[in-house]
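A short write-up of the structure that comes next.
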Amino acid sequence: MRVALFLTCVNDTLYPDTGRAVVKLLTRLGVEVDFPMAQTCCGQAHYNTGYRHEAEPLARHFSDVFGGYEAIVTPSGSCGAMVRELYPRMGERARAEGRGESLAATLAPVVPKTYELTEFLVDVLEVTDVGAYYPHTVTYHPTCHGLRGLGLADRPRRLLQAVKGLELRELPGADECCGFGGTFALKNSDVSAAMGADKVRNAESTGAEVLCAADNSCLMHIGGTMTRLSTGMRPVHIAEILASTEEEPLT
Amino acid sequence: MSGGTFVGMPAFPKAAHEAVNNQTLRGNLRHATHTIRGKRAKAVAEMSDWAELREAGKRIKDHTLRHLDTYLVQLEESVTAAGGVVHWAADADEANRIVVELVRMTGESEVVKVKSMATQEIGLNEALEAEGIAAYETDLAELIVQLGKDRPSHILVPAIHRNRGEIRDIFAREMSEWGRPAPEGLTDTPAELAEAARLHLREKFLRAKVGVSGANFMVAETGTLVVVESEGNGRMCLTLPETLISVVGIEKIVPTWRDLEVFLQTLPRSSTAERMNPYTSTWTGTTDGDGPQTFHLVLIDNGRTDTLADEVGRQALRCIRCSACLNVCPVYERAGGHAYGSVYPGPIGAILSPQLRGTASEIDASLPYASSLCGACYEVCPVAIDIPEVLVHLRERVVEGGPVTRDGNKVVLKPAKGHAAERAAMRAARWAFSHPGALRTGQRLASRTRRFHPRTLPGPGKAWSGTRDLPAVPAEPFRDWWQRTNGGKDTSK
Amino acid sequence: MNSRELILGRVRRALADVPHDDTPYDQAVDRDYLREHGDRSVEETVELLAENLADYRAIVHRCTAGELPALLAGILAARGSASVLVPPGLPPEWLSAADTTRVHDRADSTVYDLDKVESVVTACALAVAETGTIVLDGSPDQGRRRITLVPDHHICVVRVPEQVVASVPQALELLDPVRPLTWISGPSATSDIELDRVEGVHGPRTLEVVLVSGGGG
C-alpha cells in the first residue's frame, strides 16, 4: 500500500522527528510512504481565524498535491479534522455564495481518504500492536480535534496499551482542552495560559514521565508550559512512541 | 443588571485577564462547573435515545425558524383566542415602553419577576425603575445579583460567581434595604440561605398584583406558554398576581404541544442535570377563577430577525438557554461570565451577542475569539448548535466584513479595524504556502539562524512567551531530511 | 407600519433562502426517539415512580383504597397540622378519618387566608414514572393552582396503576393543554448556590405522595 504523508507545515518546520517517526513506523508495518514535496499547509490557521477566503487556495493546493494518492496520513488531529470536516464546509459555503461547484468538486476527492495516524493504523491497517517498545510511564492527552472532531475515541489508547514496557496512567480532566486553540493562544493568552497550566498540573499529578498526544501544536503549548513551570515531564508525539523499538529506542 | 450596564465593556481578553487572576472567582467557578458537569453527564447517560432526542430538538427548532412568520401568526391567534393580548416589540425600547404602560394601566407601582433572560436582555428592570416601578427579582440567584448590585454571570445561575459565604454577607447586609431583613445569625449553609430568601420574598409574592415572566416555550398550535423552574418563585409569579405580563423572544416557539415531549426531556437534564426540574407551569391564555385574569404576551425581536437572516448564524436561535455549554466550557470556567459583557455569557453568548447586537463594539468584535474551538459546547448542546462553526463564521465577519442584516436592513460591513497586521500576515502566509519554494527558503533560514533564536520573545510575542517557552528550531526541516536521505532509505547520510 | 408588520416583514425577508416547497412539519422531524425507556411491567412502572419520587426527596406512601383515610389522617397528625386545605371536588371519604380542621378553598379566599393553612390534600391528573413527576391540571379534586403552592405541606394522592404513565411523551398525550398544568417533581428546590441542589425555597417544602391501589377514590 502506498500512502502520502501529509506531515503539516508545523511538523515539517519544527518537529521533523515526528515526521521521521511516522515514516519509520509505517515502513516497518509494510506501508510505502511518499512525502509529496509540494505540500505546504492545509489552511487551518487561516480558516479558524476568520480568513476562509485565504484558506481556499491552500485547500485547492492540498487537493492538487494529494488528490492522486490512495490514502493520505497525517500525524495531526487538527489538520486531519480540517480536511475531513471543514473542506466540505468550505465547498458548501462557496456554493451558498453563488460561486458554483468548483471548490466543492476540487476538494471532495481528498476528504474521505485523509486519515489521522492512529485512525489509519487501527482502521485501515487494523493493527493495535505495532511492535513498539517504550519503557516509560506515559499519560495521554486526547486533543480536542482528535477527540471531538475526528472521533478518535480509544484508538490512541489502544495503541499505547499495546506498547511493550509502557505504563499508561489516567490523565485527570483528560477531555478538557489544553488551551492552545491556534491563534487563541495569542489573542486570549491569559485564558490560554491558565488552561495550559491546569493541564500541566493534572499531567504532573499522574506522576508520569511523559505526556503523549497526537498533535504537536497542542504539545508545543503544553511542552512550553511544562518547561516554564519547571516540571520534570516532557511532551512526546504518539508517533515517536509507536516508532520506538527495542532495537532502535527513542532517545 | 440589564444589558445597559454592560455598555462600554472592554474587549474579552482584557476583562478575562482580571478574572483569571482572581483566585476566589476561579475557585467558585471551578467548583460549580465541575459539580454540574459530572451530574449532567450522568443524567444524559440514563437516556439511551439522547442522540435521537437531540436531533429531533434541532429539527423542530430549525423547522420553526424556517417558517417563523407562519408560526408567529398562528401563536398570536391561539393566544388571543385563549383570552390573552399579544403585543409586538421590534426592539428593547419598544418592549420596555409596552411593559411600563401595561403596569401603569394596573395602577400598581411594583411587580414580581420570574427569572427571564429576555427581560434582562432588554434592561426591563431599569426601565421600570426609571418610571417609578419597583421590579423584584424572585429567583434566588437573581435575588443575590439584585441585592448585591451585581451583574449576572451565568444563564441559569446568575450568581454562580458567588460562593455561599459571599451570599450570606450580601443577604445579611442588603435584605433590610428591600424588605424583610435576613434572620439574625444567618449562617452560610445553603438551606439557611434558601430559608432567608423564602421569608424575604414571601410578603412580596402575597401582595403582588402584577407578575412579569419570560417563557421557555410557546406552543403555536395551542397558545400555551411554558415556564420551567425549580424554586416555586415562578409558580408564585405566574399564579398569584391579577395581571401577568410575559416578555418572550420570537424564537421561543414550537409548533405543537407534542413537541414539548422532546424539550421537557432534554432541557432539565442539560440544565440542572435533573430527570425533571421541580416545577413546570403551562398556561393557555387565562382560566376563569384560577390565576391571573389578565394576560399579556410581549413578543420581542431585538436583533433576532437580523440573526435569522444569516444562514450560518441562525442556528444560534435554536438555543433553549440550558447553559450546558457554559458549564462545560474551559474558557468560561477561567474567564467568568462577566468578561463576555452581555447577559448571555459563555459559548452561546459568544455567538449570540455579536449577532443580536452586531460586531461594532470592542467587546462584541472580540467575542468570536473567546474560544479555543475545543468543541465541548457543541458536544453537550441539546439542540446541536455548532457553536465553533458559528464562532469561525463570526470571526470572518469581523476580519473580512461583508453583507449582514442590521435592524432589518441589508448592509455591507467593512473589515474591522485593528486586524490589519494579522490580515497582512495571513496573506503573506497564504502566499508562502502557495509557493513551496518560498516556504522552504523560510524554513532553511530559520534553521540556519536557530542558535540565535531566544526561548522568549519581546513585544507582541510576549502573548506566547510570557507563559510558555518557544520550541527549539530543528537543524533542518523534515523536507530537507527527506530529500537528503531519499525518504529515509539512505540512512548513511 | 406597526411593529407586528415590521417584524413579520423582517422575518420573511430573513427567510428568503427557504424554498416554498420546504419540508412540511410532519416530515421535518424524525420521531425515532423512544416513547418510553425500558420495557417494564405495570408494577415495575409504579415501582419506578416511587423510586424517582423518593430520589428527589418526596415522601412516598403506599396503601389500598380502604386504608387511605387512615393514612391521610396519620400523615396530618404526624405533621401536627392544625388545618388542611380541601379542593372542592376532593372525595369526602379521603379525609373522613382526619380530625384536622378542613379549610375549603372558595373563590374569595385570599392568599393571606391560604398562607395560614398548613397542609393541602389533592388528587392529581397523572404521574410520570421515569421522571418522578406528578401533574396537576386544576380538576375539581385538585383545585386551583394557588392552593398547592402557598401551604408548606402538599399531600398528593395518585391512583396506581391507572394514573401512572411511564414517560413524558405518554404524559403529554393524555394532558389537555387548555388547562393550566403544574408539573411537580419533588419539593421546591434550588441549584442556585454553587450549582448544588438544596430542597426548600418558595413552593411546599414537604411533598408527600400517596400511591393508592385498588380503585382508590
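Identifiers in the C-alpha cells: chain A, B, ... in order shown; residue index from 1 per chain; ligand index from 1 in order shown.
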
Could you build a table of the residues in chain C lying no more than 7 Å from chain B, giving for each the nearest pair of atoms and their separation in Å rounded to one decimal place, using only C-alpha atoms, ordered by chain and ascending residue number, as a Markdown table?
```
| residue | atom | partner | partner_atom | distance |
| --- | --- | --- | --- | --- |
| C:Ser3 | CA | B:Trp88 | CA | 5.7 |
| C:Arg4 | CA | B:Trp88 | CA | 5.4 |
| C:Ile7 | CA | B:Ala90 | CA | 6.3 |
| C:Leu8 | CA | B:Asp69 | CA | 5.7 |
| C:Arg10 | CA | B:Gly408 | CA | 5.5 |
| C:Val11 | CA | B:Thr305 | CA | 5.6 |
| C:Arg12 | CA | B:Asp69 | CA | 6.6 |
| C:Ala14 | CA | B:Ala309 | CA | 3.9 |
| C:Leu15 | CA | B:Ala309 | CA | 6.4 |
| C:Val18 | CA | B:Arg66 | CA | 6.6 |
| C:Tyr25 | CA | B:His63 | CA | 6.9 |
| C:Ala28 | CA | B:Arg59 | CA | 6.6 |
| C:Val29 | CA | B:Arg59 | CA | 5.5 |
| C:Asp30 | CA | B:Ala56 | CA | 6.0 |
| C:Arg31 | CA | B:Ala56 | CA | 6.6 |
| C:Asp32 | CA | B:Glu52 | CA | 6.3 |
| C:Tyr33 | CA | B:Glu52 | CA | 5.1 |
| C:Leu34 | CA | B:Asp49 | CA | 6.4 |
| C:Ala107 | CA | B:Gly289 | CA | 6.8 |
| C:Val111 | CA | B:Leu206 | CA | 6.1 |
| C:Tyr112 | CA | B:Leu206 | CA | 6.9 |
| C:Thr131 | CA | B:Arg275 | CA | 5.2 |
| C:Arg144 | CA | B:Asp290 | CA | 5.3 |
| C:Arg145 | CA | B:Asp290 | CA | 6.6 |
| C:Arg146 | CA | B:Thr239 | CA | 6.4 |
| C:Val168 | CA | B:Glu261 | CA | 5.9 |
| C:Pro169 | CA | B:Glu261 | CA | 4.9 |
| C:Leu172 | CA | B:Arg258 | CA | 6.7 |
| C:Pro177 | CA | B:Thr224 | CA | 6.8 |
| C:Val178 | CA | B:Thr284 | CA | 5.6 |
| C:Arg179 | CA | B:Trp283 | CA | 6.9 |
| C:Pro180 | CA | B:Trp283 | CA | 4.6 |
| C:Leu181 | CA | B:Thr282 | CA | 5.1 |
| C:Thr182 | CA | B:Ser281 | CA | 4.8 |
| C:Trp183 | CA | B:Thr280 | CA | 4.9 |
| C:Ile184 | CA | B:Tyr279 | CA | 4.9 |
| C:Ser185 | CA | B:Pro278 | CA | 4.3 |
| C:Gly186 | CA | B:Pro278 | CA | 5.7 |
| C:Pro187 | CA | B:Pro278 | CA | 6.6 |
| C:Ser188 | CA | B:Glu231 | CA | 4.9 |
| C:Ala189 | CA | B:Glu231 | CA | 5.0 |
| C:Thr190 | CA | B:Glu231 | CA | 5.4 |
| C:Asp192 | CA | B:Ala141 | CA | 5.4 |
| C:Ile193 | CA | B:Arg164 | CA | 6.4 |
| C:Glu194 | CA | B:Ala32 | CA | 5.0 |
| C:Leu195 | CA | B:Ala32 | CA | 5.3 |
| C:Val198 | CA | B:Ala191 | CA | 6.4 |
| C:Gly200 | CA | B:Ala194 | CA | 6.9 |
| C:Val201 | CA | B:Glu231 | CA | 5.4 |
| C:His202 | CA | B:Gly232 | CA | 5.0 |
| C:Gly203 | CA | B:Gly232 | CA | 4.5 |
```

Using N, CA and C atoms, can you write the selected residues to a file as a compact mmCIF listing (two decimals), in the first residue's frame?
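Saved file selection.txt follows:
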```txt
# COMPACT_ATOMS: atom_id res chain seq x y z
N SER C 3 -45.41 47.51 14.54
CA SER C 3 -44.29 46.61 14.81
C SER C 3 -44.59 45.17 14.41
N ARG C 4 -45.87 44.82 14.47
CA ARG C 4 -46.24 43.45 14.04
C ARG C 4 -45.85 43.25 12.58
N ILE C 7 -42.00 43.35 12.10
CA ILE C 7 -41.29 42.11 12.49
C ILE C 7 -41.59 40.99 11.51
N LEU C 8 -42.86 40.83 11.15
CA LEU C 8 -43.21 39.75 10.21
C LEU C 8 -42.51 39.99 8.86
N ARG C 10 -39.63 41.56 8.43
CA ARG C 10 -38.21 41.23 8.62
C ARG C 10 -38.01 39.71 8.59
N VAL C 11 -38.91 38.99 9.25
CA VAL C 11 -38.81 37.53 9.27
C VAL C 11 -38.87 36.99 7.84
N ARG C 12 -39.81 37.48 7.07
CA ARG C 12 -39.98 36.96 5.70
C ARG C 12 -38.77 37.28 4.83
N ALA C 14 -35.77 37.69 5.98
CA ALA C 14 -34.65 36.90 6.50
C ALA C 14 -34.69 35.47 5.98
N LEU C 15 -35.89 35.03 5.61
CA LEU C 15 -36.06 33.63 5.20
C LEU C 15 -36.16 33.49 3.69
N VAL C 18 -35.39 30.16 2.09
CA VAL C 18 -36.20 28.96 2.33
C VAL C 18 -37.15 28.74 1.16
N TYR C 25 -43.95 20.28 8.18
CA TYR C 25 -43.73 19.94 9.59
C TYR C 25 -43.74 18.44 9.85
N ALA C 28 -40.56 16.96 8.77
CA ALA C 28 -39.31 17.66 9.10
C ALA C 28 -38.60 17.05 10.31
N VAL C 29 -39.33 16.31 11.13
CA VAL C 29 -38.76 15.81 12.37
C VAL C 29 -38.87 14.29 12.44
N ASP C 30 -37.72 13.64 12.60
CA ASP C 30 -37.75 12.19 12.85
C ASP C 30 -38.11 11.98 14.31
N ARG C 31 -39.15 11.23 14.54
CA ARG C 31 -39.53 10.96 15.93
C ARG C 31 -39.06 9.57 16.31
N ASP C 32 -37.79 9.30 16.04
CA ASP C 32 -37.32 7.95 16.30
C ASP C 32 -36.74 7.79 17.71
N TYR C 33 -37.01 8.78 18.56
CA TYR C 33 -36.66 8.60 19.97
C TYR C 33 -37.72 7.70 20.61
N LEU C 34 -37.43 7.28 21.83
CA LEU C 34 -38.27 6.26 22.46
C LEU C 34 -39.55 6.86 23.04
N ALA C 107 -63.82 30.89 46.07
CA ALA C 107 -63.36 31.86 45.08
C ALA C 107 -62.83 33.12 45.75
N VAL C 111 -54.94 35.10 49.32
CA VAL C 111 -53.68 34.39 49.53
C VAL C 111 -53.29 34.41 51.01
N TYR C 112 -53.71 35.46 51.71
CA TYR C 112 -53.38 35.52 53.13
C TYR C 112 -54.14 34.44 53.89
N THR C 131 -39.60 10.20 35.42
CA THR C 131 -39.06 11.46 35.95
C THR C 131 -39.49 11.70 37.40
N ARG C 144 -57.62 25.00 42.27
CA ARG C 144 -56.83 25.97 41.50
C ARG C 144 -55.37 25.95 41.95
N ARG C 145 -54.51 26.53 41.11
CA ARG C 145 -53.07 26.34 41.28
C ARG C 145 -52.54 26.84 42.62
N ARG C 146 -53.12 27.92 43.12
CA ARG C 146 -52.52 28.53 44.30
C ARG C 146 -52.63 27.65 45.55
N VAL C 168 -42.54 11.07 29.71
CA VAL C 168 -43.00 12.41 29.36
C VAL C 168 -43.85 12.40 28.08
N PRO C 169 -43.41 11.72 27.00
CA PRO C 169 -44.26 11.69 25.80
C PRO C 169 -45.65 11.12 26.07
N LEU C 172 -47.80 13.80 27.95
CA LEU C 172 -48.29 14.91 27.12
C LEU C 172 -49.48 14.49 26.26
N PRO C 177 -53.83 20.74 27.01
CA PRO C 177 -53.07 22.00 27.12
C PRO C 177 -53.92 23.21 27.46
N VAL C 178 -55.22 23.11 27.27
CA VAL C 178 -56.07 24.26 27.60
C VAL C 178 -56.11 24.49 29.11
N ARG C 179 -55.97 23.40 29.88
CA ARG C 179 -55.99 23.55 31.34
C ARG C 179 -54.63 24.07 31.82
N PRO C 180 -54.61 24.86 32.87
CA PRO C 180 -53.32 25.26 33.43
C PRO C 180 -52.70 24.05 34.14
N LEU C 181 -51.50 23.69 33.74
CA LEU C 181 -50.87 22.49 34.29
C LEU C 181 -49.70 22.85 35.19
N THR C 182 -49.55 22.06 36.25
CA THR C 182 -48.38 22.19 37.11
C THR C 182 -47.72 20.82 37.22
N TRP C 183 -46.50 20.76 36.74
CA TRP C 183 -45.72 19.51 36.85
C TRP C 183 -44.84 19.64 38.07
N ILE C 184 -44.94 18.67 38.97
CA ILE C 184 -44.21 18.76 40.23
C ILE C 184 -43.30 17.54 40.38
N SER C 185 -42.03 17.80 40.55
CA SER C 185 -41.07 16.71 40.74
C SER C 185 -40.31 16.96 42.03
N GLY C 186 -40.85 16.47 43.10
CA GLY C 186 -40.23 16.68 44.39
C GLY C 186 -40.62 18.02 44.97
N PRO C 187 -40.17 18.28 46.20
CA PRO C 187 -40.46 19.58 46.80
C PRO C 187 -39.66 20.68 46.13
N SER C 188 -40.05 21.91 46.41
CA SER C 188 -39.32 23.08 45.93
C SER C 188 -37.83 22.91 46.20
N ALA C 189 -37.01 23.32 45.23
CA ALA C 189 -35.57 23.15 45.38
C ALA C 189 -34.85 24.25 44.62
N THR C 190 -33.57 24.37 44.85
CA THR C 190 -32.78 25.33 44.08
C THR C 190 -31.39 24.77 43.85
N ASP C 192 -29.13 27.16 42.97
CA ASP C 192 -28.52 28.47 42.76
C ASP C 192 -27.31 28.77 43.64
N ILE C 193 -27.08 27.93 44.64
CA ILE C 193 -25.89 28.15 45.46
C ILE C 193 -24.87 27.09 45.06
N GLU C 194 -23.86 27.52 44.34
CA GLU C 194 -22.76 26.65 43.92
C GLU C 194 -23.24 25.48 43.06
N LEU C 195 -24.34 25.65 42.37
CA LEU C 195 -24.88 24.65 41.44
C LEU C 195 -25.13 23.29 42.09
N VAL C 198 -30.46 22.07 46.66
CA VAL C 198 -30.93 22.11 48.04
C VAL C 198 -32.44 22.16 47.98
N GLY C 200 -36.21 23.14 49.27
CA GLY C 200 -36.94 24.05 50.13
C GLY C 200 -36.74 25.51 49.86
N VAL C 201 -37.53 26.08 48.92
CA VAL C 201 -37.49 27.52 48.77
C VAL C 201 -38.93 28.04 48.88
N HIS C 202 -39.58 28.35 47.75
CA HIS C 202 -40.87 29.03 47.87
C HIS C 202 -42.08 28.10 47.84
N GLY C 203 -42.00 27.05 47.07
CA GLY C 203 -43.13 26.13 46.99
C GLY C 203 -43.16 25.30 48.27
```

Within 9 Å of His154 of chain C, counting only C-alpha atoms, which residues qualify if same-chain residues fewer than 3 places away don't, as a list in words?
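Once the nearby chain positions are removed, what remains is Glu118, Ser119, Val120, Val121, Thr122, Thr148, Leu149, Pro151, Pro187, Pro204, Arg205, Thr206, Leu207, Glu208 and Val209 of chain C.
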
If you keep C-alpha atoms, can you produce a file of those selected residues as a compact mmCIF listing (two decimals), in the first residue's frame?
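Contents of selection-v8.txt, as written:
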```
# COMPACT_ATOMS: atom_id res chain seq x y z
CA GLU C 118 -50.51 24.33 56.93
CA SER C 119 -51.33 21.42 54.63
CA VAL C 120 -53.21 20.68 51.44
CA VAL C 121 -54.52 17.37 50.10
CA THR C 122 -55.18 16.89 46.39
CA THR C 148 -50.91 23.63 46.17
CA LEU C 149 -48.42 26.47 46.23
CA PRO C 151 -49.20 25.95 52.02
CA PRO C 187 -40.46 19.58 46.80
CA PRO C 204 -44.20 23.48 49.52
CA ARG C 205 -41.08 22.29 51.26
CA THR C 206 -42.63 18.95 52.06
CA LEU C 207 -44.21 16.85 49.34
CA GLU C 208 -45.85 13.59 50.36
CA VAL C 209 -47.18 11.34 47.63
```

9 Å contact set for Gly232 of chain A, only C-alpha atoms, chain neighbours under 3 positions out, as a VMD selection string:
chain A and resid 204 209 to 210 226 to 227

Export N, CA and C atoms of the chosen residues as a PDB file, in the first residue's frame?
```
ATOM      1  N   GLU A 204       1.029  16.360  35.740  1.00  0.00           N
ATOM      2  CA  GLU A 204       2.018  16.129  36.796  1.00  0.00           C
ATOM      3  C   GLU A 204       1.482  15.220  37.889  1.00  0.00           C
ATOM      4  N   GLU A 209       6.255  10.201  33.381  1.00  0.00           N
ATOM      5  CA  GLU A 209       7.422  10.920  32.860  1.00  0.00           C
ATOM      6  C   GLU A 209       7.070  11.709  31.610  1.00  0.00           C
ATOM      7  N   VAL A 210       6.091  11.162  30.866  1.00  0.00           N
ATOM      8  CA  VAL A 210       5.821  11.674  29.526  1.00  0.00           C
ATOM      9  C   VAL A 210       4.349  11.988  29.354  1.00  0.00           C
ATOM     10  N   MET A 226       5.262  23.369  30.324  1.00  0.00           N
ATOM     11  CA  MET A 226       5.987  22.453  31.229  1.00  0.00           C
ATOM     12  C   MET A 226       7.381  22.964  31.560  1.00  0.00           C
ATOM     13  N   THR A 227       8.109  23.410  30.537  1.00  0.00           N
ATOM     14  CA  THR A 227       9.466  23.885  30.828  1.00  0.00           C
ATOM     15  C   THR A 227       9.411  25.180  31.631  1.00  0.00           C
TER      16      THR A 227
END
```

Could you please select, counting only C-alpha atoms, the residues of chain B within 8 Å of chain A and state them as a ChimeraX atom specification?
/B:13,16-17,20,330-331,334-335,369-376,379,392-400,426-427,430,433-434,436,439,443,463-464,467-474,476-479,482,487-488

Restrict the selected residues to C-alpha atoms and save them as a tab-separated table (two decimals), in the first residue's frame.
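Contents of selection_30.tsv, as written:
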```tsv
chain	number	residue	atom	x	y	z
B	13	PRO	CA	-9.18	39.37	26.66
B	16	ALA	CA	-10.71	37.93	31.21
B	17	HIS	CA	-7.25	38.99	32.36
B	20	VAL	CA	-8.05	34.69	35.50
B	330	PRO	CA	-12.90	25.74	29.75
B	331	VAL	CA	-12.77	29.39	28.73
B	334	ARG	CA	-11.49	30.64	33.75
B	335	ALA	CA	-12.73	33.95	32.37
B	369	TYR	CA	-12.36	34.85	19.52
B	370	ALA	CA	-13.22	33.95	23.11
B	371	SER	CA	-12.90	30.25	22.36
B	372	SER	CA	-10.20	27.69	21.68
B	373	LEU	CA	-12.70	25.94	19.37
B	374	CYS	CA	-12.40	22.81	21.51
B	375	GLY	CA	-15.93	21.76	20.61
B	376	ALA	CA	-17.08	20.72	24.10
B	379	GLU	CA	-20.98	18.14	22.09
B	392	VAL	CA	-15.47	30.95	12.96
B	393	HIS	CA	-18.20	32.41	10.77
B	394	LEU	CA	-18.36	35.48	13.00
B	395	ARG	CA	-14.56	35.80	13.03
B	396	GLU	CA	-14.82	36.01	9.28
B	397	ARG	CA	-17.43	38.73	9.62
B	398	VAL	CA	-15.07	40.68	11.87
B	399	VAL	CA	-11.93	40.41	9.74
B	400	GLU	CA	-13.40	40.32	6.25
B	426	MET	CA	-2.35	35.75	6.84
B	427	ARG	CA	-1.95	36.90	3.25
B	430	ARG	CA	-1.03	32.11	2.24
B	433	PHE	CA	2.20	28.27	1.44
B	434	SER	CA	1.11	28.58	-2.18
B	436	PRO	CA	6.56	25.62	-1.63
B	439	LEU	CA	8.27	28.10	2.37
B	443	GLN	CA	12.38	27.10	6.89
B	463	ALA	CA	1.45	36.87	24.32
B	464	TRP	CA	3.05	33.48	23.76
B	467	THR	CA	3.96	31.92	29.98
B	468	ARG	CA	5.37	29.37	27.54
B	469	ASP	CA	8.80	28.63	26.15
B	470	LEU	CA	9.14	28.55	22.39
B	471	PRO	CA	10.07	25.28	20.77
B	472	ALA	CA	13.65	24.97	19.54
B	473	VAL	CA	14.00	25.19	15.79
B	474	PRO	CA	15.47	21.94	14.43
B	476	GLU	CA	16.82	21.00	9.29
B	477	PRO	CA	13.16	20.83	8.32
B	478	PHE	CA	11.71	17.41	7.58
B	479	ARG	CA	11.62	18.02	3.85
B	482	TRP	CA	13.57	13.50	3.28
B	487	GLY	CA	12.93	9.28	2.18
B	488	GLY	CA	14.99	7.77	4.97
```

Where does DSSP see strand (DSSP E or B) in segment 2-243 of chain A, if you list the residues as an MDAnalysis selection string?
chainID A and resid 2:5 32:34 71:74 114:116 133 137:140 164 167:169 210:213 234:237

When you look at segment 110-124 of chain A with a cut-off of 10 Å (counting only C-alpha atoms), what residues show up, excluding the ones that are within fewer than 6 positions of it in the same chain? I need them as a VMD selection string.
chain A and resid 3 to 6 22 25 to 26 29 59 62 to 88 130 146 150 to 159 214 to 215 238 to 239 242

Compile the contact shell of Glu93 of chain C as a list in words: residues with an atom at most 10 Å away, counting only C-alpha atoms, same-chain residues fewer than 4 positions apart removed.
Gly66, Leu68, Pro69, Ala97, Ala98 and Gly217 of chain C

Those same residues - N, CA and C atoms - I'd like them written as a CSV table (one decimal), in the first residue's frame.
```
chain,number,residue,atom,x,y,z
C,66,GLY,N,-59.0,1.4,50.8
C,66,GLY,CA,-59.7,1.3,52.1
C,66,GLY,C,-58.8,1.9,53.2
C,68,LEU,N,-56.8,4.4,52.8
C,68,LEU,CA,-56.4,5.8,52.5
C,68,LEU,C,-56.8,6.8,53.6
C,69,PRO,N,-58.1,6.8,54.1
C,69,PRO,CA,-58.5,7.8,55.1
C,69,PRO,C,-57.6,7.7,56.3
C,97,ALA,N,-61.3,10.3,58.2
C,97,ALA,CA,-60.7,9.9,59.4
C,97,ALA,C,-59.9,10.9,60.1
C,98,ALA,N,-59.7,12.1,59.4
C,98,ALA,CA,-58.8,13.1,60.0
C,98,ALA,C,-59.6,14.1,60.9
C,217,GLY,N,-60.4,6.3,45.6
C,217,GLY,CA,-61.0,7.5,45.1
C,217,GLY,C,-62.2,7.1,44.3
```

One decimal place gives the atom CA of Val247 of chain B-atom CA of Ser361 of chain B separation as 26.3 Å

Find the spatial neighbours of Glu129 of chain B, counting only C-alpha atoms, within a cut-off of 10 Å - ignore same-chain residues fewer than 6 positions away - and output them as a ChimeraX atom specification.
/B:100,109-110,135

Output C-alpha atoms of each residue in that selection to a file, as a PDB file, in the first residue's frame.
```
ATOM      1  CA  VAL B 100     -44.275  50.117  31.529  1.00  0.00           C
ATOM      2  CA  SER B 109     -46.032  50.514  41.406  1.00  0.00           C
ATOM      3  CA  GLU B 110     -44.330  47.180  41.899  1.00  0.00           C
ATOM      4  CA  ALA B 135     -39.241  45.206  39.984  1.00  0.00           C
TER       5      ALA B 135
END
```

Interatomic distance between atom CA of Leu103 of chain A and atom CA of Glu389 of chain B?
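We find that atom CA of Leu103 of chain A and atom CA of Glu389 of chain B lie 18.9 Å from each other.
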
As a ChimeraX atom specification, please: every residue in segment 53-206 of chain A that DSSP puts in helix (DSSP H, G or I).
/A:53-66,77-96,102-110,117-124,144-149,155-161,184-187,189-205

Separating atom CA of Gly459 of chain B from atom CA of Arg423 of chain B, to the nearest tenth of an Å, is a gap of 18.7 Å
